[in-house]
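Trainee: If you scroll down you'll find the structure; I have some questions about it.
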Protein chains: 2
Amino acid sequence: MTTDDATSDLNAVIDLLWSPAPTPRRGPKRGLDLPDIATAGITIADTDNLGAVTMQRVAGALGVTKMALYRYVRGKTELVALMTDVALGEPVTLDTNADWRTALSAWAHAMIGRFGQHPWTQETTTGTRAIGPNEIGWLEQALAALDGTGLTGSEKLDVAATLAGHARAIAQQASASVGISPEQGLHTIFAMVLRDHAAQFPALTAALDSGTDDGRDQAFDFGLDRILDGIELLLKQRR
Amino acid sequence: MTTDDATSDLNAVIDLLWSPAPTPRRGPKRGLDLPDIATAGITIADTDNLGAVTMQRVAGALGVTKMALYRYVRGKTELVALMTDVALGEPVTLDTNADWRTALSAWAHAMIGRFGQHPWTQETTTGTRAIGPNEIGWLEQALAALDGTGLTGSEKLDVAATLAGHARAIAQQASASVGISPEQGLHTIFAMVLRDHAAQFPALTAALDSGTDDGRDQAFDFGLDRILDGIELLLKQRR
DNA sequence: CAAAACTGTGTCCGTTGGATACCGTGTATG
DNA sequence: CATACACGGTATCCAACGGACACAGTTTTG
């Protein structure tokens with residue numbers, strides 16, 4: 001795929017997500033619609049991982065031939081982009097009366113919740129891609145929560161990126177257990193590896209041995225509190 | 001791929017990365033070795049994205065048939081895992097005299113540097129996967145830097161996860177521009193989209209309009225400083 | 001009623017990851 | 001030193017994938 005192809009692909013995806021083509025007036029009625037297709041794909045991805053999402057399988061789930069999907073979607077890239085934006089869903093509506101810290105905390109918790117429900121969105125929201133209305137909507141909410149803090153526009157964007165990155169990082173660890181053991185996380189892999197190489201990684205071994213594994217929620221809250229503390233400190237220093 | 005297959009796959013990958021099979025004593029001499037193969041794949045991925053890495057192309061770069069690779073690597077999963085661990089490279093050696101904050105800052109900067117050199121490692125280090133010695137080595141360094149801070153083992157792990165997540169999040173934004181414009185980042189896509197939908201996202205529009213885009217380095221440092229400030233605050237409160 | 005526009009199907013193709021059988025090459029053992 | 005065994009690379013084959021294209025059926029518009 002050349003750069004030009006990639007660019008036109010990107011534009012096509014953006015059009016699909018942002019300016020859905022008007023329903024044609026002539027011809028047979030459409031048997032499907034975009035939400036249906038997206039939902040079918042999401043169900044498959046949630047159940048059997050993103051790799052199981054093929055045109056054939058999505059079409060089969062909809063009781064239709066593979067090629068029928070291409071009437072609605074230009075290719076698999078578009079299908080995945082569509083699935084992603086639908087899976088992320090509409091952003092939470094934040095309490096406009098709450099202070100920025102409460103609002104951002106709620107936002108971050110909602111975000112890791114979405115990532116947890118659809119772990120494969122981690123893969124589809126990295127690298128080059130088109131961004132859909134919902135994904136931008138989430139960003140908008142975080143920025144709105146920072147209104148009145150006195151932060152610059154760039155700083156607000158940086159705060160949002162930091163928080164979103166944190167949610168992603170922790171959600172990823174929670175989803176890294178698939179195929180190993182349904183409940184346990186990265187620690188299982190660590191244990192497998194460190195059983196034979198503990199001496200090489202003393203600090204890691206000590207960290208894993210000491211204390212109880214506090215679980216993903218605790219890990220998320222710990223990092224979140226540090227980040228928010230850091231922001232709060234900055235705001236205080238400026239005042 | 002069933003769960004059992006995935007599990008055995010994972011074990012095979014772990015064996016490859018951690019306990020390389022001893023060189024056979026009989027038979028013809030091997031024409032390749034694992035570092036060569038990994039380097040060939042990395043070069044392709046760096047140049048033409050991860051999607052361009054196929055068995056055929058890697059083999060071709062090594063002057064060998066596709067199937068020859070399977071004598072060294074069980075499948076593409078293993079190849080990618082190998083590429084990933086080699087691309088991450090040996091972790092930086094931190095100044096043992098430096099305080100935790102200086103050390104962690106250097107660590108985080110080194111990490112985003114690696115991600116920047118090989119953007120595709122973002123994709124290969126998400127989701128279920130085997131973790132190689134280098135990847136764990138990086139984690140070990142971060143934990144070692146936190147020695148003497150009084151943090152619990154779980155807290156140290158959480159700190160490392162938060163910092164690594166931050167580096168990844170920012171590096172991802174920097175690499176999201178491929179195929180659009182070599183220099184500009186996510187802002188290009190934002191601009192494309194917001195040109196027609198600015199009213200729907202006032203906070204984002206304002207944030208993008210106000211002030212200059214401070215670039216990726218600034219974004220990274222801003223978030224990093226907030227996180228480190230938050231950690232420092234916690235340590236002070238405990239003392 | 002006919003033409004135009006549209007949908008879904010069937011068929012075909014290039015590329016991918018991977019399995020298997022084969023032959024040549026090299027080492028260890030009698 | 002000869003022979004058996006083990007190993008590396010090649011060639012061939014296959015299923016599954018994303019996608020192109022032509023065709024038949026259906027609905028609206030003139």
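Naming works like this for the structure tokens: A, B, ... for the chains as they're shown, residue 1 at the start of each chain, ligands 1 onward in shown order.
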Within 10 Å of chain B, which residues of chain D show up when using only C-alpha atoms (C1' of nucleotides), listed as number ranges by chain?
Mentor: D: 5-11
Trainee: Please, which residues of range 122-176 of chain A, numbered as in this document, come out helix (DSSP H, G or I) from DSSP, as a ChimeraX atom specification?
Mentor: /A:122-124,133-145,153-175
Trainee: Could those residues be written to a file, using N, CA and C atoms, as a short mmCIF file (atom, residue, chain, number, x, y, z; two decimals), in the first residue's frame?
Mentor:
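Heads up, here's the output in result02.cif:
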data_model
loop_
_atom_site.label_atom_id
_atom_site.label_comp_id
_atom_site.auth_asym_id
_atom_site.auth_seq_id
_atom_site.Cartn_x
_atom_site.Cartn_y
_atom_site.Cartn_z
N GLN A 122 -7.76 -1.55 22.11
CA GLN A 122 -6.36 -1.16 22.34
C GLN A 122 -5.57 -1.27 21.04
N GLU A 123 -5.77 -2.37 20.34
CA GLU A 123 -5.01 -2.57 19.12
C GLU A 123 -5.46 -1.64 18.01
N THR A 124 -6.75 -1.34 17.99
CA THR A 124 -7.27 -0.57 16.86
C THR A 124 -7.12 0.93 17.07
N PRO A 133 -16.12 10.18 15.73
CA PRO A 133 -16.78 11.17 16.58
C PRO A 133 -16.75 10.80 18.05
N ASN A 134 -16.95 9.55 18.34
CA ASN A 134 -16.97 9.16 19.75
C ASN A 134 -15.60 9.32 20.40
N GLU A 135 -14.57 8.88 19.67
CA GLU A 135 -13.23 8.99 20.24
C GLU A 135 -12.90 10.46 20.50
N ILE A 136 -13.26 11.31 19.58
CA ILE A 136 -13.00 12.73 19.80
C ILE A 136 -13.92 13.28 20.88
N GLY A 137 -15.10 12.72 20.97
CA GLY A 137 -16.02 13.15 22.01
C GLY A 137 -15.46 12.92 23.40
N TRP A 138 -14.81 11.81 23.59
CA TRP A 138 -14.17 11.55 24.88
C TRP A 138 -13.13 12.62 25.19
N LEU A 139 -12.34 12.92 24.17
CA LEU A 139 -11.31 13.94 24.37
C LEU A 139 -11.95 15.28 24.73
N GLU A 140 -13.02 15.59 24.03
CA GLU A 140 -13.72 16.85 24.29
C GLU A 140 -14.16 16.94 25.76
N GLN A 141 -14.69 15.85 26.27
CA GLN A 141 -15.15 15.85 27.66
C GLN A 141 -14.01 16.13 28.64
N ALA A 142 -12.88 15.51 28.38
CA ALA A 142 -11.75 15.71 29.30
C ALA A 142 -11.30 17.17 29.26
N LEU A 143 -11.25 17.73 28.06
CA LEU A 143 -10.81 19.12 27.94
C LEU A 143 -11.81 20.06 28.61
N ALA A 144 -13.08 19.76 28.44
CA ALA A 144 -14.11 20.61 29.04
C ALA A 144 -14.00 20.60 30.56
N ALA A 145 -13.62 19.44 31.10
CA ALA A 145 -13.49 19.34 32.56
C ALA A 145 -12.38 20.25 33.08
N GLY A 153 -4.08 25.67 26.34
CA GLY A 153 -4.66 24.65 25.48
C GLY A 153 -3.76 23.44 25.33
N SER A 154 -2.49 23.70 25.10
CA SER A 154 -1.55 22.59 24.96
C SER A 154 -1.48 21.77 26.23
N GLU A 155 -1.48 22.44 27.33
CA GLU A 155 -1.39 21.72 28.60
C GLU A 155 -2.62 20.85 28.83
N LYS A 156 -3.77 21.39 28.48
CA LYS A 156 -4.98 20.58 28.63
C LYS A 156 -4.90 19.32 27.77
N LEU A 157 -4.43 19.49 26.56
CA LEU A 157 -4.27 18.33 25.69
C LEU A 157 -3.29 17.33 26.29
N ASP A 158 -2.23 17.85 26.86
CA ASP A 158 -1.24 16.96 27.46
C ASP A 158 -1.82 16.20 28.65
N VAL A 159 -2.63 16.90 29.44
CA VAL A 159 -3.26 16.23 30.57
C VAL A 159 -4.16 15.10 30.07
N ALA A 160 -4.96 15.39 29.07
CA ALA A 160 -5.86 14.37 28.53
C ALA A 160 -5.08 13.18 28.00
N ALA A 161 -3.99 13.47 27.30
CA ALA A 161 -3.18 12.38 26.74
C ALA A 161 -2.58 11.53 27.85
N THR A 162 -2.14 12.19 28.90
CA THR A 162 -1.54 11.45 30.00
C THR A 162 -2.56 10.54 30.67
N LEU A 163 -3.74 11.08 30.93
CA LEU A 163 -4.77 10.28 31.59
C LEU A 163 -5.24 9.13 30.71
N ALA A 164 -5.47 9.43 29.44
CA ALA A 164 -5.91 8.37 28.54
C ALA A 164 -4.83 7.30 28.42
N GLY A 165 -3.59 7.73 28.35
CA GLY A 165 -2.50 6.76 28.28
C GLY A 165 -2.46 5.87 29.50
N HIS A 166 -2.71 6.46 30.64
CA HIS A 166 -2.72 5.66 31.87
C HIS A 166 -3.83 4.62 31.83
N ALA A 167 -5.01 5.05 31.44
CA ALA A 167 -6.12 4.10 31.36
C ALA A 167 -5.79 2.97 30.40
N ARG A 168 -5.21 3.31 29.29
CA ARG A 168 -4.86 2.29 28.31
C ARG A 168 -3.83 1.33 28.85
N ALA A 169 -2.82 1.87 29.48
CA ALA A 169 -1.73 1.03 29.97
C ALA A 169 -2.24 0.00 30.97
N ILE A 170 -3.07 0.44 31.89
CA ILE A 170 -3.56 -0.48 32.91
C ILE A 170 -4.56 -1.46 32.31
N ALA A 171 -5.42 -0.98 31.45
CA ALA A 171 -6.39 -1.87 30.81
C ALA A 171 -5.67 -2.94 30.01
N GLN A 172 -4.58 -2.57 29.41
CA GLN A 172 -3.83 -3.54 28.62
C GLN A 172 -3.30 -4.68 29.49
N GLN A 173 -2.78 -4.33 30.64
CA GLN A 173 -2.28 -5.37 31.53
C GLN A 173 -3.39 -6.30 31.96
N ALA A 174 -4.56 -5.74 32.18
CA ALA A 174 -5.67 -6.57 32.61
C ALA A 174 -6.11 -7.51 31.50
N SER A 175 -5.93 -7.10 30.26
CA SER A 175 -6.39 -7.92 29.15
C SER A 175 -5.29 -8.84 28.63
#
Trainee: Within 7 Å of chain B, which residues belong to chain C? Use only C-alpha atoms (C1' of nucleotides) and report them as a list in words.
Mentor: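 Contact residues on the first chain: DT25, DG26 and DT27 of chain C.
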Trainee: Write out as a ChimeraX atom specification which residues come within 10 Å of range 19-22 of chain B when counting only C-alpha atoms (C1' of nucleotides), dropping same-chain ones fewer than 3 positions away.
Mentor: /A:196 /B:12-16,25,34,72
Trainee: Generate a file of the selected residues that holds C-alpha atoms, formatted as a CSV table (one decimal), in the first residue's frame.
Mentor:
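Generated file (result.csv):
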chain,number,residue,atom,x,y,z
A,196,ASP,CA,14.1,-19.7,36.1
B,12,ALA,CA,7.1,-21.8,22.7
B,13,VAL,CA,7.7,-18.1,22.3
B,14,ILE,CA,8.9,-17.9,25.9
B,15,ASP,CA,11.3,-20.8,25.3
B,16,LEU,CA,12.7,-19.1,22.2
B,25,ARG,CA,25.9,-30.8,16.8
B,34,LEU,CA,18.3,-15.5,15.3
B,72,TYR,CA,14.7,-21.1,13.4
Trainee: Select, from B:Ser210, B:Thr23, B:Gln117, B:Asn49, the residue with the minimum atom-to-atom distance to chain A, counting only C-alpha atoms.
Mentor: B:Ser210
Trainee: D:DC14, D:DA4, D:DG19, D:DG30: which is nearest DG17 in chain C, counting only C-alpha atoms (C1' of nucleotides)?
Mentor: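 Counting only C-alpha atoms (C1' of nucleotides), the residue closest to DG17 in chain C is D:DC14.
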Trainee: Just to confirm, what's the straight-line distance from CA of Thr121 in chain B to CA of Arg57 in chain B in Å (one decimal)?
Mentor: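 Between these atoms lies a distance of 18.7 Å.
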Trainee: Could you jot down the CA of Val193 in chain B to CA of Gly113 in chain A separation for me, Å, one decimal place?
Mentor: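 Computing the Euclidean distance for CA of Val193 in chain B and CA of Gly113 in chain A yields 26.1 Å.
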Trainee: Have a look at B:Gln237, B:Thr188, B:Thr152, B:Ser105 and name the one nearest to chain A; count only C-alpha atoms.
Mentor: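 Among the listed residues, the smallest separation from chain A belongs to B:Thr152.
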Trainee: Work out how far CA of Arg101 in chain B is from CA of Asp209 in chain A, in Å to one decimal.
Mentor: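 One can read the CA of Asp209 in chain A to CA of Arg101 in chain B distance as 24.0 Å.
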